[in-house]
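Student: Here it is, the structure in full.
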Amino acid sequence: MTEQDIGTAEPRRPGPGRDAFRMRGPDRSREGASGRRRVLRNTLLAAAALPLAGAVWIGVTGLLARSELIAAERDLDALRQSVAPVPGAASGAAPSSAQERERELRSAAAHAARAHRLTTGPAWYPAAALPFLGGPVRTVRGAAHAADRLTGDVLSPLVRALPPATPDSRGDGMSEALMTLQKHAPEVVRAARAAAEVQTAVHELPRSTWLPAADRARAGLARQVDRLAPVMTDASLAARVLPPLLGTQGERRYFLAFQNIAEARGTGGVPGAFAVLSADRGHLSFERFGNNTEMATAKTDLDLGADFTARYQGSEPTRVWANSNMSPHFPYAARIWAAAWHEHTGERVDGVFAVDPATLSRLLRVTGPARMAGGTELTADNVVDLTERASYAMYDDVARRKAFFVEAARAAAGPLISATGDMRRLPALLVALNDAQRDGRLKVWSAHAAEQRLIEPRSYSGALPETPGPFAGLVVNNAAGSKLDYYLDRSLVWEANGCSHGERPVTATVTLTNRAPVSGLPGYVTLREDSPPYRTRPGDNRLLVSYYAGVGAALTGATLDGRPAQLAPGVERGHSVYTLDLELPAHSSRTLVLHLLEPHADRAPVLLRQSLVTPLRATLKPGGACRV
């Protein structure tokens, strides 16, 4: 080293020299290890805190989402009440305007969308995937998503398809409703598909988790969606069928039958009064009224197939008007009535409707009372009793009583036509009609094949389904010619009893009770046109009792009041049918028990309900799982 280098060099600090550098290495290693430990510790703490933070985040956002869903439910309740007012509120406040409905829906949609966003954050996805703990998370996420789709994809198109709820002095309510429905038909059809998808998604959510509140929420949502999905299916069908059905593409004419349910027939009651209804761009009018006396001579050579002929050949439904609807398959009766009307008048109809006094009761609750020419007032509370019981005591003369029934139908038609043109009452009227068809009291058949194909799967077609599977149907036809079925009670208990070799034993217990008084009834009510070879008393009834089982079912035995009974076998639209000719004395009950073997199935049967004065009491006991 030079002197210059020495002079400019930095002085060294006293120390142990070169060995000191060797000793600094371990110190830095300890510092590095300590730093790494701190990083690892912090990382572990953060990792441990993440689930806690995620849980807190899910809890907070879950509570916020719940509040949003509750708010959405309140808005939807208000919307539901404004769209479908309670029947009977005809004189109350008018339905909300289209702007109000839109505002309620927008508010509900906004709340549902926020609930959906709150449950789709980064913490929700991994939490929902956890095997056990994630069950409630999946349920809450699924419920929020379902609510979002219901308000956006289902209810929004439906509300747009509703007519503006503004009073119209011109009476164009039905016409405006049809035009609006026709305009938005494609949207309603898509909305119905979305409702079905949401229904499937909700039923795929976990049913039982460790959080009962989530399970209750899922169950409540499933009930709501299960009610909405068939309504949307009906709305989709109505959007496609109702406008042409009510004359938007040209005038339509229909045969309207009023069924007298005091004398039972397969579709309800014997066809009594009738009317011809005209529909032109939603404007309805009645062209004429008549009764069964006018149609007594109308006959038709209509061929309804070999099974129909074999089953009903002794009763001649195509030749005897009173027996024209013995089959519970309404399209048979409708085709007979349409053909008979053409034979009688030379006029063709575009379809057939059937109603009964219970339907008139629902409609009168919306329209208000109707006054007959003689001053008698028809109300929702008295129309069934008046037409099915009291009128027989009021008139000894048969012709006058039949004229009374026609006049009652004519009187009820006036307020009904007015209500169809009143936008304030039209929603409640549609609710009443929907309730009537749901109970099987309003039936529809179209002579246009394309329309009938769409209508037939729905309950208001009155069709007896041909599809296989468990089925139970109790059908009675009055065989006495009396009007005693006003006093008839019916009950059916269907019970499956496990499986054997791919078949399921089924027991069907039918109890029929005749509540008719033994004295005091008019002779026309207790009439025995069957002229039985045995002695009877006034009030005694006679019924053809038919049990409709599933396709492929076989009867293995039957008892009547505990004693062996022989039933006549038959087939209708693939169903096995067993019929008993039954005498039912006044103030008595009789019990028929059928033992059957049906093809194996794990579900309850489809139930056929024949609508009479007193509804059927049915109890279904599907039993346990059924394996081949």
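Chain identifiers are assigned as A, B, and so on, following the order in which chains appear in the structure tokens; residues are numbered from 1 within each chain, and ligands are numbered from 1 in order of appearance.
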Could you go through segment 325-365 of chain A and tell me which residues DSSP, when run on the backbone, assigns to helix (DSSP H, G or I), listing them as a PyMOL selection string?

Tutor: chain A and resi 330-345+357-365

Student: Can you tell me which residues surround Arg138 of chain A at a distance of at most 12 Å, considering only C-alpha atoms, apart from same-chain residues fewer than 4 positions away, and format the answer as an MDAnalysis selection string?

Tutor: chainID A and resid 58 62 119:120 124:134 142:146 201:202 204:209 211 214:215 218

Student: Env of Thr376 of chain A: 10 Å cut, atoms = only C-alpha atoms, seq-sep filter 5 positions within chain, self excluded. Answer as a PyMOL selection string.

Tutor: chain A and resi 370-371+386+408+411

Student: Dump as CSV the rows for residues of segment 296-366 of chain A within 12 Å of segment 528-544 of chain A: closest atom pair and distance in Å with one decimal, only C-alpha atoms counted, ordered by chain and rising residue number.

Tutor:
residue,atom,partner,partner_atom,distance
A:Tyr312,CA,A:Leu544,CA,11.9
A:Ser315,CA,A:Leu544,CA,11.6
A:Met326,CA,A:Leu544,CA,9.9
A:Ser327,CA,A:Leu544,CA,11.7

Student: Write out, as a PDB file, in the first residue's frame, the residues just selected, with N, CA and C atoms.

Tutor:
ATOM      1  N   TYR A 312    -120.821 -47.255 -22.232  1.00  0.00           N
ATOM      2  CA  TYR A 312    -122.075 -46.515 -22.029  1.00  0.00           C
ATOM      3  C   TYR A 312    -123.188 -46.944 -22.986  1.00  0.00           C
ATOM      4  N   SER A 315    -126.847 -46.683 -21.937  1.00  0.00           N
ATOM      5  CA  SER A 315    -127.374 -45.369 -21.558  1.00  0.00           C
ATOM      6  C   SER A 315    -127.540 -44.428 -22.748  1.00  0.00           C
ATOM      7  N   MET A 326    -122.504 -38.535 -18.832  1.00  0.00           N
ATOM      8  CA  MET A 326    -122.258 -39.544 -17.792  1.00  0.00           C
ATOM      9  C   MET A 326    -120.773 -39.794 -17.596  1.00  0.00           C
ATOM     10  N   SER A 327    -119.984 -39.669 -18.662  1.00  0.00           N
ATOM     11  CA  SER A 327    -118.538 -39.828 -18.532  1.00  0.00           C
ATOM     12  C   SER A 327    -117.939 -38.626 -17.823  1.00  0.00           C
TER      13      SER A 327
END

Student: Which residue is closest to Gly623 of chain A? Choose from A:Ala496, A:Val349, A:Val231, A:Leu521 and count only C-alpha atoms.

Tutor: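 Checking each candidate against Gly623 of chain A, we get A:Ala496 as the closest.
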
Student: Considering only strand (DSSP E) as DSSP defines it on the backbone, what residues of segment 269-443 of chain A qualify? List them as a PyMOL selection string.

Tutor: chain A and resi 269-280+283-290+351-355+370-371+377-378+443

Student: Report the closest atom pair, with its distance in Å rounded to one decimal, for each residue of segment 330-360 of chain A that has an atom no farther than 9 Å from segment 460-470 of chain A; count only C-alpha atoms, sort by chain and then rising residue number, and write it as a tab-separated table.

Tutor:
residue	atom	partner	partner_atom	distance
A:Phe330	CA	A:Gly462	CA	4.9
A:Pro331	CA	A:Ala463	CA	6.4
A:Tyr332	CA	A:Ala463	CA	8.8

Student: I'd like the contact shell of segment 507-515 of chain A - 6 Å cut-off, only C-alpha atoms, skipping same-chain residues fewer than 5 positions apart - returned as a VMD selection string.

Tutor: chain A and resid 487 to 495 586 to 595

Student: Ala191 of chain A: which residues within 10 Å, counting only C-alpha atoms, same-chain residues fewer than 2 positions away excluded, as a PyMOL selection string?

Tutor: chain A and resi 149-150+152-158+185-189+193-197+229+232-233+235-236

Student: Residues of the last selection are to be written out with N, CA and C atoms, as a PDB file, in the first residue's frame.

Tutor:
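Okay, again_11.pdb is ready:
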ATOM      1  N   ARG A 149     -84.644 -13.629  -9.515  1.00  0.00           N
ATOM      2  CA  ARG A 149     -85.204 -14.090 -10.793  1.00  0.00           C
ATOM      3  C   ARG A 149     -86.733 -13.941 -10.816  1.00  0.00           C
ATOM      4  N   LEU A 150     -87.368 -14.191  -9.682  1.00  0.00           N
ATOM      5  CA  LEU A 150     -88.828 -14.084  -9.641  1.00  0.00           C
ATOM      6  C   LEU A 150     -89.296 -12.665  -9.937  1.00  0.00           C
ATOM      7  N   GLY A 152     -87.474 -10.252 -11.426  1.00  0.00           N
ATOM      8  CA  GLY A 152     -86.996  -9.742 -12.707  1.00  0.00           C
ATOM      9  C   GLY A 152     -87.486 -10.497 -13.911  1.00  0.00           C
ATOM     10  N   ASP A 153     -87.412 -11.843 -13.847  1.00  0.00           N
ATOM     11  CA  ASP A 153     -87.705 -12.655 -15.023  1.00  0.00           C
ATOM     12  C   ASP A 153     -89.134 -13.163 -15.068  1.00  0.00           C
ATOM     13  N   VAL A 154     -89.829 -13.170 -13.921  1.00  0.00           N
ATOM     14  CA  VAL A 154     -91.170 -13.759 -13.874  1.00  0.00           C
ATOM     15  C   VAL A 154     -92.247 -12.695 -13.692  1.00  0.00           C
ATOM     16  N   LEU A 155     -92.150 -11.942 -12.587  1.00  0.00           N
ATOM     17  CA  LEU A 155     -93.234 -11.022 -12.268  1.00  0.00           C
ATOM     18  C   LEU A 155     -93.228  -9.769 -13.148  1.00  0.00           C
ATOM     19  N   SER A 156     -92.068  -9.300 -13.545  1.00  0.00           N
ATOM     20  CA  SER A 156     -92.024  -8.099 -14.395  1.00  0.00           C
ATOM     21  C   SER A 156     -92.798  -8.294 -15.692  1.00  0.00           C
ATOM     22  N   PRO A 157     -92.557  -9.383 -16.450  1.00  0.00           N
ATOM     23  CA  PRO A 157     -93.358  -9.587 -17.663  1.00  0.00           C
ATOM     24  C   PRO A 157     -94.841  -9.775 -17.363  1.00  0.00           C
ATOM     25  N   LEU A 158     -95.149 -10.436 -16.252  1.00  0.00           N
ATOM     26  CA  LEU A 158     -96.548 -10.669 -15.916  1.00  0.00           C
ATOM     27  C   LEU A 158     -97.272  -9.362 -15.628  1.00  0.00           C
ATOM     28  N   ALA A 185     -97.694 -11.520 -24.960  1.00  0.00           N
ATOM     29  CA  ALA A 185     -97.759 -12.988 -24.879  1.00  0.00           C
ATOM     30  C   ALA A 185     -96.381 -13.648 -24.899  1.00  0.00           C
ATOM     31  N   PRO A 186     -95.463 -13.279 -25.813  1.00  0.00           N
ATOM     32  CA  PRO A 186     -94.143 -13.943 -25.796  1.00  0.00           C
ATOM     33  C   PRO A 186     -93.397 -13.766 -24.478  1.00  0.00           C
ATOM     34  N   GLU A 187     -93.517 -12.579 -23.864  1.00  0.00           N
ATOM     35  CA  GLU A 187     -92.843 -12.351 -22.586  1.00  0.00           C
ATOM     36  C   GLU A 187     -93.433 -13.231 -21.489  1.00  0.00           C
ATOM     37  N   VAL A 188     -94.766 -13.391 -21.500  1.00  0.00           N
ATOM     38  CA  VAL A 188     -95.414 -14.215 -20.480  1.00  0.00           C
ATOM     39  C   VAL A 188     -95.012 -15.676 -20.638  1.00  0.00           C
ATOM     40  N   VAL A 189     -94.895 -16.137 -21.874  1.00  0.00           N
ATOM     41  CA  VAL A 189     -94.470 -17.513 -22.116  1.00  0.00           C
ATOM     42  C   VAL A 189     -93.057 -17.727 -21.574  1.00  0.00           C
ATOM     43  N   ARG A 193     -91.595 -20.181 -18.313  1.00  0.00           N
ATOM     44  CA  ARG A 193     -90.435 -21.079 -18.331  1.00  0.00           C
ATOM     45  C   ARG A 193     -89.467 -20.723 -17.209  1.00  0.00           C
ATOM     46  N   ALA A 194     -89.246 -19.420 -16.983  1.00  0.00           N
ATOM     47  CA  ALA A 194     -88.355 -18.993 -15.902  1.00  0.00           C
ATOM     48  C   ALA A 194     -88.901 -19.433 -14.545  1.00  0.00           C
ATOM     49  N   ALA A 195     -90.213 -19.336 -14.354  1.00  0.00           N
ATOM     50  CA  ALA A 195     -90.813 -19.768 -13.083  1.00  0.00           C
ATOM     51  C   ALA A 195     -90.585 -21.255 -12.855  1.00  0.00           C
ATOM     52  N   ALA A 196     -90.684 -22.058 -13.915  1.00  0.00           N
ATOM     53  CA  ALA A 196     -90.440 -23.496 -13.780  1.00  0.00           C
ATOM     54  C   ALA A 196     -88.977 -23.762 -13.423  1.00  0.00           C
ATOM     55  N   GLU A 197     -88.053 -23.000 -14.020  1.00  0.00           N
ATOM     56  CA  GLU A 197     -86.631 -23.159 -13.707  1.00  0.00           C
ATOM     57  C   GLU A 197     -86.347 -22.785 -12.251  1.00  0.00           C
ATOM     58  N   ALA A 229     -95.739 -21.238  -9.813  1.00  0.00           N
ATOM     59  CA  ALA A 229     -95.401 -21.909 -11.074  1.00  0.00           C
ATOM     60  C   ALA A 229     -96.625 -22.339 -11.871  1.00  0.00           C
ATOM     61  N   MET A 232     -98.285 -19.319 -13.391  1.00  0.00           N
ATOM     62  CA  MET A 232     -97.575 -18.831 -14.571  1.00  0.00           C
ATOM     63  C   MET A 232     -97.827 -19.735 -15.772  1.00  0.00           C
ATOM     64  N   THR A 233     -97.955 -21.030 -15.544  1.00  0.00           N
ATOM     65  CA  THR A 233     -98.299 -21.936 -16.643  1.00  0.00           C
ATOM     66  C   THR A 233     -99.661 -21.590 -17.208  1.00  0.00           C
ATOM     67  N   ALA A 235    -101.073 -18.644 -16.976  1.00  0.00           N
ATOM     68  CA  ALA A 235    -100.943 -17.339 -17.623  1.00  0.00           C
ATOM     69  C   ALA A 235    -100.329 -17.481 -19.013  1.00  0.00           C
ATOM     70  N   SER A 236     -99.351 -18.366 -19.123  1.00  0.00           N
ATOM     71  CA  SER A 236     -98.731 -18.611 -20.426  1.00  0.00           C
ATOM     72  C   SER A 236     -99.747 -19.164 -21.414  1.00  0.00           C
TER      73      SER A 236
END

Student: Expressed in Å to a single decimal, how great is the separation between atom CA of Asn477 of chain A and atom CA of Glu263 of chain A?

Tutor: 7.8 Å

Student: Give me the residues within 7 Å of Gly282 of chain A as a list of chain:residue names, counting only C-alpha atoms and dropping any in the same chain fewer than 5 places off.

Tutor: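 The neighbour list is A:Met174, A:Ser175, A:Leu178, A:Leu246, A:Gly247, A:Thr248.
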
Student: Quick one, how far is atom CA of Asp485 of chain A from atom CA of Ile261 of chain A?

Tutor: 7.2 Å
